[in-house]
file protein_32.txt (compact mmCIF, C-alpha atoms)
# COMPACT_ATOMS: atom_id res chain seq x y z
CA THR A 1 14.63 5.53 -23.67
CA SER A 2 13.39 2.67 -21.56
CA ILE A 3 11.31 2.45 -18.42
CA ARG A 4 12.01 -0.44 -16.08
CA LEU A 5 9.13 -1.75 -13.97
CA LEU A 6 9.70 -3.94 -10.93
CA ALA A 7 6.70 -5.65 -9.31
CA THR A 8 6.78 -7.37 -5.94
CA GLY A 9 4.47 -9.63 -4.03
CA ASP A 10 2.98 -8.92 -0.62
CA PHE A 11 4.83 -6.99 2.06
CA ILE A 12 3.20 -8.30 5.27
CA ALA A 13 4.25 -7.48 8.82
CA HIS A 14 3.50 -10.81 10.45
CA ASP A 15 4.25 -11.15 14.15
CA SER A 16 7.63 -12.75 13.38
CA VAL A 17 8.53 -9.89 11.03
CA ASN A 18 7.58 -7.30 13.65
CA ALA A 19 9.64 -9.16 16.26
CA ALA A 20 12.68 -9.29 13.94
CA ALA A 21 12.36 -5.57 13.16
CA LYS A 22 11.87 -4.42 16.76
CA LYS A 23 14.92 -2.74 18.25
CA ALA A 24 15.93 -2.57 21.91
CA ASP A 25 14.62 1.00 22.20
CA GLY A 26 11.13 -0.12 21.07
CA SER A 27 11.38 1.35 17.56
CA TYR A 28 11.24 -0.76 14.40
CA ASP A 29 13.77 -1.18 11.58
CA TYR A 30 12.19 -3.15 8.74
CA LEU A 31 14.71 -1.90 6.19
CA GLN A 32 17.36 -4.21 7.64
CA LEU A 33 15.13 -7.15 6.64
CA MET A 34 14.78 -5.88 3.06
CA SER A 35 18.24 -4.46 2.36
CA ASP A 36 19.19 -7.27 -0.05
CA PHE A 37 16.46 -5.98 -2.40
CA GLN A 38 17.88 -2.45 -2.62
CA PRO A 39 20.26 -3.01 -5.58
CA VAL A 40 17.42 -4.46 -7.67
CA PHE A 41 15.06 -1.65 -6.70
CA ALA A 42 17.73 0.94 -7.54
CA ARG A 43 17.80 -0.25 -11.18
CA SER A 44 14.06 0.30 -11.70
CA ASP A 45 12.03 3.41 -12.46
CA ILE A 46 8.63 2.16 -11.32
CA ARG A 47 8.74 -0.03 -8.24
CA PHE A 48 5.32 -1.57 -7.58
CA CYS A 49 4.81 -2.98 -4.11
CA ASN A 50 1.75 -4.68 -2.69
CA ASP A 51 0.88 -3.59 0.86
CA PRO A 52 -2.14 -5.71 1.82
CA ILE A 53 -2.25 -4.76 5.51
CA LEU A 54 -3.22 -1.84 7.68
CA ASN A 55 -0.39 0.41 8.86
CA GLY A 56 -2.10 2.50 11.50
CA GLY A 57 0.82 2.65 13.89
CA GLU A 58 1.63 1.71 17.44
CA ALA A 59 -1.08 3.90 18.98
CA LEU A 60 -3.70 1.59 17.46
CA GLY A 61 -1.88 -1.56 18.56
CA VAL A 62 0.54 -3.65 16.53
CA THR A 63 -1.00 -6.95 15.48
CA GLY A 64 -0.20 -9.75 13.06
CA TYR A 65 -2.27 -12.55 11.62
CA PRO A 66 -5.22 -12.81 11.32
CA LYS A 67 -5.95 -9.08 11.71
CA PHE A 68 -2.99 -6.91 10.75
CA ASN A 69 -1.86 -3.48 11.90
CA SER A 70 1.79 -2.56 11.55
CA PRO A 71 3.80 0.34 12.92
CA THR A 72 3.92 3.23 10.45
CA GLY A 73 7.66 2.52 10.24
CA PHE A 74 6.76 -0.44 8.03
CA VAL A 75 5.47 2.03 5.42
CA THR A 76 8.40 4.39 5.94
CA ASP A 77 10.87 1.57 5.36
CA MET A 78 9.03 0.35 2.26
CA GLY A 79 9.48 3.89 0.96
CA LYS A 80 13.17 3.89 1.89
CA LEU A 81 13.54 0.59 0.04
CA GLY A 82 12.19 2.32 -3.03
CA CYS A 83 8.54 1.33 -3.35
CA ASN A 84 6.96 4.17 -5.34
CA VAL A 85 3.70 2.70 -6.69
CA VAL A 86 1.71 0.89 -4.02
CA ASN A 87 -1.52 -1.10 -3.93
CA THR A 88 -3.23 -0.94 -0.55
CA ALA A 89 -6.55 -2.60 -1.52
CA SER A 90 -6.88 -6.05 -0.01
CA ASN A 91 -9.05 -8.44 1.92
CA HIS A 92 -7.38 -7.11 5.12
CA SER A 93 -8.27 -3.46 4.56
CA PHE A 94 -11.26 -3.62 6.92
CA ASP A 95 -9.61 -5.90 9.50
CA PHE A 96 -10.44 -3.13 11.97
CA ASN A 97 -12.20 0.15 11.18
CA GLN A 98 -11.95 3.32 9.13
CA ALA A 99 -9.60 4.95 11.66
CA TYR A 100 -6.95 2.35 10.77
CA ILE A 101 -7.44 3.00 7.06
CA ASP A 102 -7.18 6.76 7.65
CA ALA A 103 -3.93 6.29 9.58
CA SER A 104 -2.56 4.00 6.87
CA VAL A 105 -3.40 6.50 4.13
CA ASP A 106 -1.72 9.23 6.19
CA ALA A 107 1.38 7.05 6.66
CA TRP A 108 1.72 6.58 2.91
CA ALA A 109 1.09 10.28 2.29
CA GLY A 110 4.17 11.02 4.40
CA VAL A 111 6.52 8.92 2.26
CA PRO A 112 8.62 11.04 -0.11
CA ASN A 113 9.02 10.30 -3.82
CA MET A 114 5.82 8.28 -4.20
CA LEU A 115 4.32 8.14 -7.69
CA ALA A 116 0.96 6.62 -6.69
CA VAL A 117 -0.77 4.87 -3.81
CA ALA A 118 -4.25 3.49 -4.40
CA GLY A 119 -6.77 1.17 -2.79
CA GLN A 120 -7.56 2.53 0.68
CA ASN A 121 -9.21 5.94 1.04
CA LYS A 122 -10.15 8.51 3.65
CA SER A 123 -13.08 9.99 1.72
CA GLN A 124 -15.46 9.46 -1.18
CA ALA A 125 -13.43 11.96 -3.23
CA GLU A 126 -10.27 9.86 -2.74
CA HIS A 127 -12.22 6.70 -3.57
CA ASP A 128 -13.41 8.18 -6.85
CA SER A 129 -10.09 9.72 -7.88
CA VAL A 130 -7.50 8.20 -10.19
CA ASP A 131 -3.75 8.40 -9.62
CA VAL A 132 -1.89 9.52 -12.74
CA PHE A 133 1.87 9.97 -12.81
CA ASP A 134 4.63 10.62 -15.33
CA VAL A 135 7.88 8.72 -15.78
CA LYS A 136 10.31 9.89 -18.46
CA GLY A 137 7.52 11.66 -20.31
CA VAL A 138 5.13 8.69 -20.30
CA LYS A 139 1.85 9.05 -18.39
CA PHE A 140 0.56 6.15 -16.33
CA GLY A 141 -2.75 5.67 -14.55
CA PHE A 142 -2.72 3.46 -11.49
CA LEU A 143 -5.90 1.74 -10.33
CA ALA A 144 -6.16 -0.70 -7.44
CA TYR A 145 -8.98 -2.93 -6.22
CA THR A 146 -9.75 -5.92 -4.08
CA SER A 147 -12.39 -8.47 -4.92
CA TYR A 148 -13.41 -9.32 -1.35
CA THR A 149 -12.86 -8.44 2.30
CA ASN A 150 -12.54 -10.60 5.42
CA SER A 151 -14.92 -8.28 7.29
CA ALA A 152 -17.82 -6.30 5.89
CA PRO A 153 -16.76 -2.81 4.74
CA GLN A 154 -18.03 -0.15 7.13
CA ASN A 155 -18.65 2.38 4.38
CA ALA A 156 -18.65 2.71 0.60
CA TYR A 157 -15.45 4.77 0.28
CA GLY A 158 -12.75 3.31 2.55
CA LEU A 159 -11.70 0.65 0.08
CA ASN A 160 -11.75 0.20 -3.68
CA VAL A 161 -13.79 -2.97 -4.19
CA PHE A 162 -13.85 -4.16 -7.78
CA SER A 163 -16.95 -3.92 -9.89
CA GLN A 164 -17.03 -3.66 -13.66
CA ASP A 165 -18.93 -0.36 -13.43
CA PHE A 166 -16.48 1.24 -10.97
CA ALA A 167 -13.42 0.03 -12.91
CA SER A 168 -14.88 1.26 -16.20
CA LYS A 169 -15.47 4.72 -14.72
CA GLN A 170 -11.93 4.87 -13.35
CA ILE A 171 -10.39 3.65 -16.61
CA ALA A 172 -12.29 6.34 -18.50
CA ALA A 173 -11.09 8.97 -16.00
CA ALA A 174 -7.49 7.76 -16.34
CA ARG A 175 -7.66 7.96 -20.11
CA ALA A 176 -9.07 11.49 -19.93
call {"tool": "encode", "arguments": {"input": "protein_32.txt", "output": "structure tokens"}}
result
Amino acid sequence: TSIRLLATGDFIAHDSVNAAAKKADGSYDYLQLMSDFQPVFARSDIRFCNDPILNGGEALGVTGYPKFNSPTGFVTDMGKLGCNVVNTASNHSFDFNQAYIDASVDAWAGVPNMLAVAGQNKSQAEHDSVDVFDVKGVKFGFLAYTSYTNSAPQNAYGLNVFSQDFASKQIAAARA
């Protein structure tokens, strides 16, 4: 038995990407921009995607560089593409405030067939937890961190910021 892992780079909804995905009715279709990737994704069991931006939705205002907030459809379409293990910890995680992180976490929670999403958190309990999942009888622990932020974090739990102590604790929890 084999397990195939696919790992991508950043998925970023820049202004030009949002404009290309926006439909006449005001909704967004990002999947059309990623459809060429679907055959490759379909051949993989674990599909790691890096989502370094906030995805709080239209109600919070859609913005591109330098402070990102995408429609939640960006997350939905990453899920439809096949992303099933996602890092959300990045320097952009506190581009705005905790409400954007909460909305982003909620958007990812609504995507079916996810194995793990880690990095941004709604609570201290989420921050401290470790995502463990099983693929073909093999257990995996998924940990995600950023090393810096563009804006000072507003709290200690919204984002997994790397420290040797924090990583060591999470690695021990994953092994347990």
call {"tool": "residues_near_point", "arguments": {"input": "protein_32.txt", "point": "(-6.5, 1.2, 3.1)", "cutoff": "10 Å", "atoms": "only C-alpha atoms", "output": "PyMOL selection string"}}
result
chain A and resi 51-56+87-90+92-94+97-106+108+117-122+158-160
call {"tool": "closest_residue", "arguments": {"input": "protein_32.txt", "among": "A:Leu6, A:Ala21, A:Val75, A:Val135", "to": "Gly110 in chain A", "atoms": "all atoms listed in the file"}}
result
A:Val75
call {"tool": "residues_around", "arguments": {"input": "protein_32.txt", "residues": "Gly9 in chain A", "least_positions_apart": "4", "cutoff": "9 Å", "atoms": "all atoms listed in the file", "output": "PyMOL selection string"}}
result
chain A and resi 48-51
call {"tool": "residues_around", "arguments": {"input": "protein_32.txt", "residues": "Asn18 in chain A", "least_positions_apart": "6", "cutoff": "8 Å", "atoms": "all atoms listed in the file", "output": "ChimeraX atom specification"}}
result
/A:28,30,70
call {"tool": "closest_residue", "arguments": {"input": "protein_32.txt", "among": "A:Arg175, A:Phe166, A:Asp128, A:Glu58", "to": "Gly26 in chain A", "atoms": "only C-alpha atoms"}}
result
A:Glu58
call {"tool": "atom_distance", "arguments": {"input": "protein_32.txt", "atom1": "CA of Tyr145 in chain A", "atom2": "CA of Asp29 in chain A"}}
result
28.9 Å
call {"tool": "axis_aligned_box", "arguments": {"input": "protein_32.txt", "around": "range 150-156 of chain A", "padding_each_side": "5 Å", "output": "JSON"}}
result
{"center_x": -15.6, "center_y": -3.9, "center_z": 3.9, "size_x": 16.1, "size_y": 23.3, "size_z": 16.7}
call {"tool": "closest_residue", "arguments": {"input": "protein_32.txt", "among": "A:Gly57, A:Gly73, A:Gly82, A:Gly137", "to": "Ile3 in chain A", "atoms": "only C-alpha atoms"}}
result
A:Gly137
call {"tool": "atom_distance", "arguments": {"input": "protein_32.txt", "atom1": "CA of Thr63 in chain A", "atom2": "CA of Ala152 in chain A"}}
result
19.4 Å
call {"tool": "atom_distance", "arguments": {"input": "protein_32.txt", "atom1": "CA of Phe41 in chain A", "atom2": "CA of Thr76 in chain A"}}
result
15.5 Å
call {"tool": "residues_around", "arguments": {"input": "protein_32.txt", "residues": "Ala167 in chain A", "least_positions_apart": "2", "cutoff": "12 Å", "atoms": "only C-alpha atoms", "output": "compact mmCIF listing (two decimals) with C-alpha atoms, keeping the file's coordinate frame"}}
result
# COMPACT_ATOMS: atom_id res chain seq x y z
CA HIS A 127 -12.22 6.70 -3.57
CA ASP A 128 -13.41 8.18 -6.85
CA SER A 129 -10.09 9.72 -7.88
CA VAL A 130 -7.50 8.20 -10.19
CA PHE A 142 -2.72 3.46 -11.49
CA LEU A 143 -5.90 1.74 -10.33
CA ALA A 144 -6.16 -0.70 -7.44
CA TYR A 145 -8.98 -2.93 -6.22
CA THR A 146 -9.75 -5.92 -4.08
CA SER A 147 -12.39 -8.47 -4.92
CA ASN A 160 -11.75 0.20 -3.68
CA VAL A 161 -13.79 -2.97 -4.19
CA PHE A 162 -13.85 -4.16 -7.78
CA SER A 163 -16.95 -3.92 -9.89
CA GLN A 164 -17.03 -3.66 -13.66
CA ASP A 165 -18.93 -0.36 -13.43
CA LYS A 169 -15.47 4.72 -14.72
CA GLN A 170 -11.93 4.87 -13.35
CA ILE A 171 -10.39 3.65 -16.61
CA ALA A 172 -12.29 6.34 -18.50
CA ALA A 173 -11.09 8.97 -16.00
CA ALA A 174 -7.49 7.76 -16.34
call {"tool": "closest_residue", "arguments": {"input": "protein_32.txt", "among": "A:His14, A:Lys139, A:Arg4, A:Lys80", "to": "Lys67 in chain A", "atoms": "only C-alpha atoms"}}
result
A:His14
call {"tool": "closest_residue", "arguments": {"input": "protein_32.txt", "among": "A:Asn155, A:Ser123, A:Thr149, A:Ser27", "to": "Phe74 in chain A", "atoms": "all atoms listed in the file"}}
result
A:Ser27
call {"tool": "decode", "arguments": {"input": "protein_32.txt", "residues": "range 16-43 of chain A", "atoms": "N, CA, C and O atoms", "output": "compact mmCIF listing (two decimals), in the first residue's frame"}}
result
# COMPACT_ATOMS: atom_id res chain seq x y z
N SER A 16 -6.20 40.73 -8.47
CA SER A 16 -6.40 40.23 -9.83
C SER A 16 -7.07 38.85 -9.84
O SER A 16 -7.87 38.55 -10.73
N VAL A 17 -6.77 38.03 -8.85
CA VAL A 17 -7.39 36.72 -8.74
C VAL A 17 -8.87 36.87 -8.39
O VAL A 17 -9.73 36.22 -8.98
N ASN A 18 -9.17 37.76 -7.44
CA ASN A 18 -10.57 38.02 -7.08
C ASN A 18 -11.34 38.55 -8.28
O ASN A 18 -12.48 38.13 -8.53
N ALA A 19 -10.73 39.45 -9.05
CA ALA A 19 -11.40 40.01 -10.23
C ALA A 19 -11.67 38.92 -11.27
O ALA A 19 -12.75 38.88 -11.87
N ALA A 20 -10.71 38.02 -11.47
CA ALA A 20 -10.88 36.94 -12.45
C ALA A 20 -11.94 35.94 -12.01
O ALA A 20 -12.61 35.33 -12.85
N ALA A 21 -12.09 35.77 -10.70
CA ALA A 21 -13.06 34.80 -10.17
C ALA A 21 -14.46 35.37 -10.03
O ALA A 21 -15.42 34.60 -9.94
N LYS A 22 -14.60 36.70 -10.04
CA LYS A 22 -15.90 37.31 -9.81
C LYS A 22 -16.81 37.14 -11.02
O LYS A 22 -16.43 37.43 -12.15
N LYS A 23 -18.02 36.65 -10.75
CA LYS A 23 -19.00 36.42 -11.80
C LYS A 23 -19.95 37.60 -11.90
O LYS A 23 -20.00 38.45 -11.00
N ALA A 24 -20.70 37.65 -12.96
CA ALA A 24 -21.62 38.77 -13.21
C ALA A 24 -22.64 38.95 -12.09
O ALA A 24 -23.06 40.08 -11.80
N ASP A 25 -23.02 37.86 -11.42
CA ASP A 25 -24.01 37.96 -10.35
C ASP A 25 -23.40 38.38 -9.01
O ASP A 25 -24.09 38.44 -7.99
N GLY A 26 -22.07 38.65 -8.99
CA GLY A 26 -21.41 39.08 -7.77
C GLY A 26 -20.79 37.95 -6.97
O GLY A 26 -20.04 38.20 -6.02
N SER A 27 -21.08 36.71 -7.31
CA SER A 27 -20.47 35.57 -6.62
C SER A 27 -19.08 35.32 -7.20
O SER A 27 -18.67 35.98 -8.16
N TYR A 28 -18.36 34.39 -6.59
CA TYR A 28 -16.99 34.10 -7.02
C TYR A 28 -16.87 32.63 -7.39
O TYR A 28 -17.43 31.77 -6.73
N ASP A 29 -16.10 32.35 -8.45
CA ASP A 29 -15.80 30.98 -8.86
C ASP A 29 -14.29 30.86 -9.04
O ASP A 29 -13.76 31.15 -10.12
N TYR A 30 -13.61 30.50 -7.98
CA TYR A 30 -12.16 30.33 -8.03
C TYR A 30 -11.78 28.99 -8.65
O TYR A 30 -10.67 28.86 -9.19
N LEU A 31 -12.66 28.01 -8.57
CA LEU A 31 -12.35 26.68 -9.08
C LEU A 31 -12.00 26.72 -10.56
O LEU A 31 -11.12 25.99 -11.01
N GLN A 32 -12.65 27.60 -11.31
CA GLN A 32 -12.35 27.72 -12.74
C GLN A 32 -10.88 28.08 -12.97
O GLN A 32 -10.30 27.71 -13.99
N LEU A 33 -10.28 28.79 -12.03
CA LEU A 33 -8.88 29.21 -12.16
C LEU A 33 -7.91 28.09 -11.77
O LEU A 33 -6.72 28.18 -12.06
N MET A 34 -8.42 27.06 -11.09
CA MET A 34 -7.57 25.99 -10.59
C MET A 34 -7.87 24.65 -11.24
O MET A 34 -7.28 23.63 -10.87
N SER A 35 -8.79 24.59 -12.16
CA SER A 35 -9.29 23.31 -12.68
C SER A 35 -8.20 22.45 -13.32
O SER A 35 -8.30 21.23 -13.30
N ASP A 36 -7.16 23.06 -13.87
CA ASP A 36 -6.08 22.28 -14.47
C ASP A 36 -5.35 21.42 -13.44
O ASP A 36 -4.70 20.44 -13.80
N PHE A 37 -5.44 21.79 -12.16
CA PHE A 37 -4.77 21.03 -11.11
C PHE A 37 -5.55 19.78 -10.69
O PHE A 37 -5.00 18.88 -10.07
N GLN A 38 -6.85 19.74 -11.00
CA GLN A 38 -7.70 18.67 -10.48
C GLN A 38 -7.21 17.26 -10.80
O GLN A 38 -7.23 16.41 -9.92
N PRO A 39 -6.74 16.95 -12.01
CA PRO A 39 -6.27 15.58 -12.26
C PRO A 39 -5.09 15.18 -11.37
O PRO A 39 -5.00 14.04 -10.93
N VAL A 40 -4.20 16.09 -11.08
CA VAL A 40 -3.05 15.81 -10.22
C VAL A 40 -3.52 15.60 -8.79
O VAL A 40 -3.09 14.67 -8.10
N PHE A 41 -4.41 16.46 -8.33
CA PHE A 41 -4.96 16.32 -6.98
C PHE A 41 -5.69 14.99 -6.83
O PHE A 41 -5.58 14.34 -5.79
N ALA A 42 -6.41 14.58 -7.85
CA ALA A 42 -7.21 13.36 -7.78
C ALA A 42 -6.35 12.11 -7.58
O ALA A 42 -6.84 11.11 -7.06
N ARG A 43 -5.08 12.17 -7.94
CA ARG A 43 -4.18 11.01 -7.80
C ARG A 43 -3.48 10.97 -6.45
O ARG A 43 -2.63 10.11 -6.23
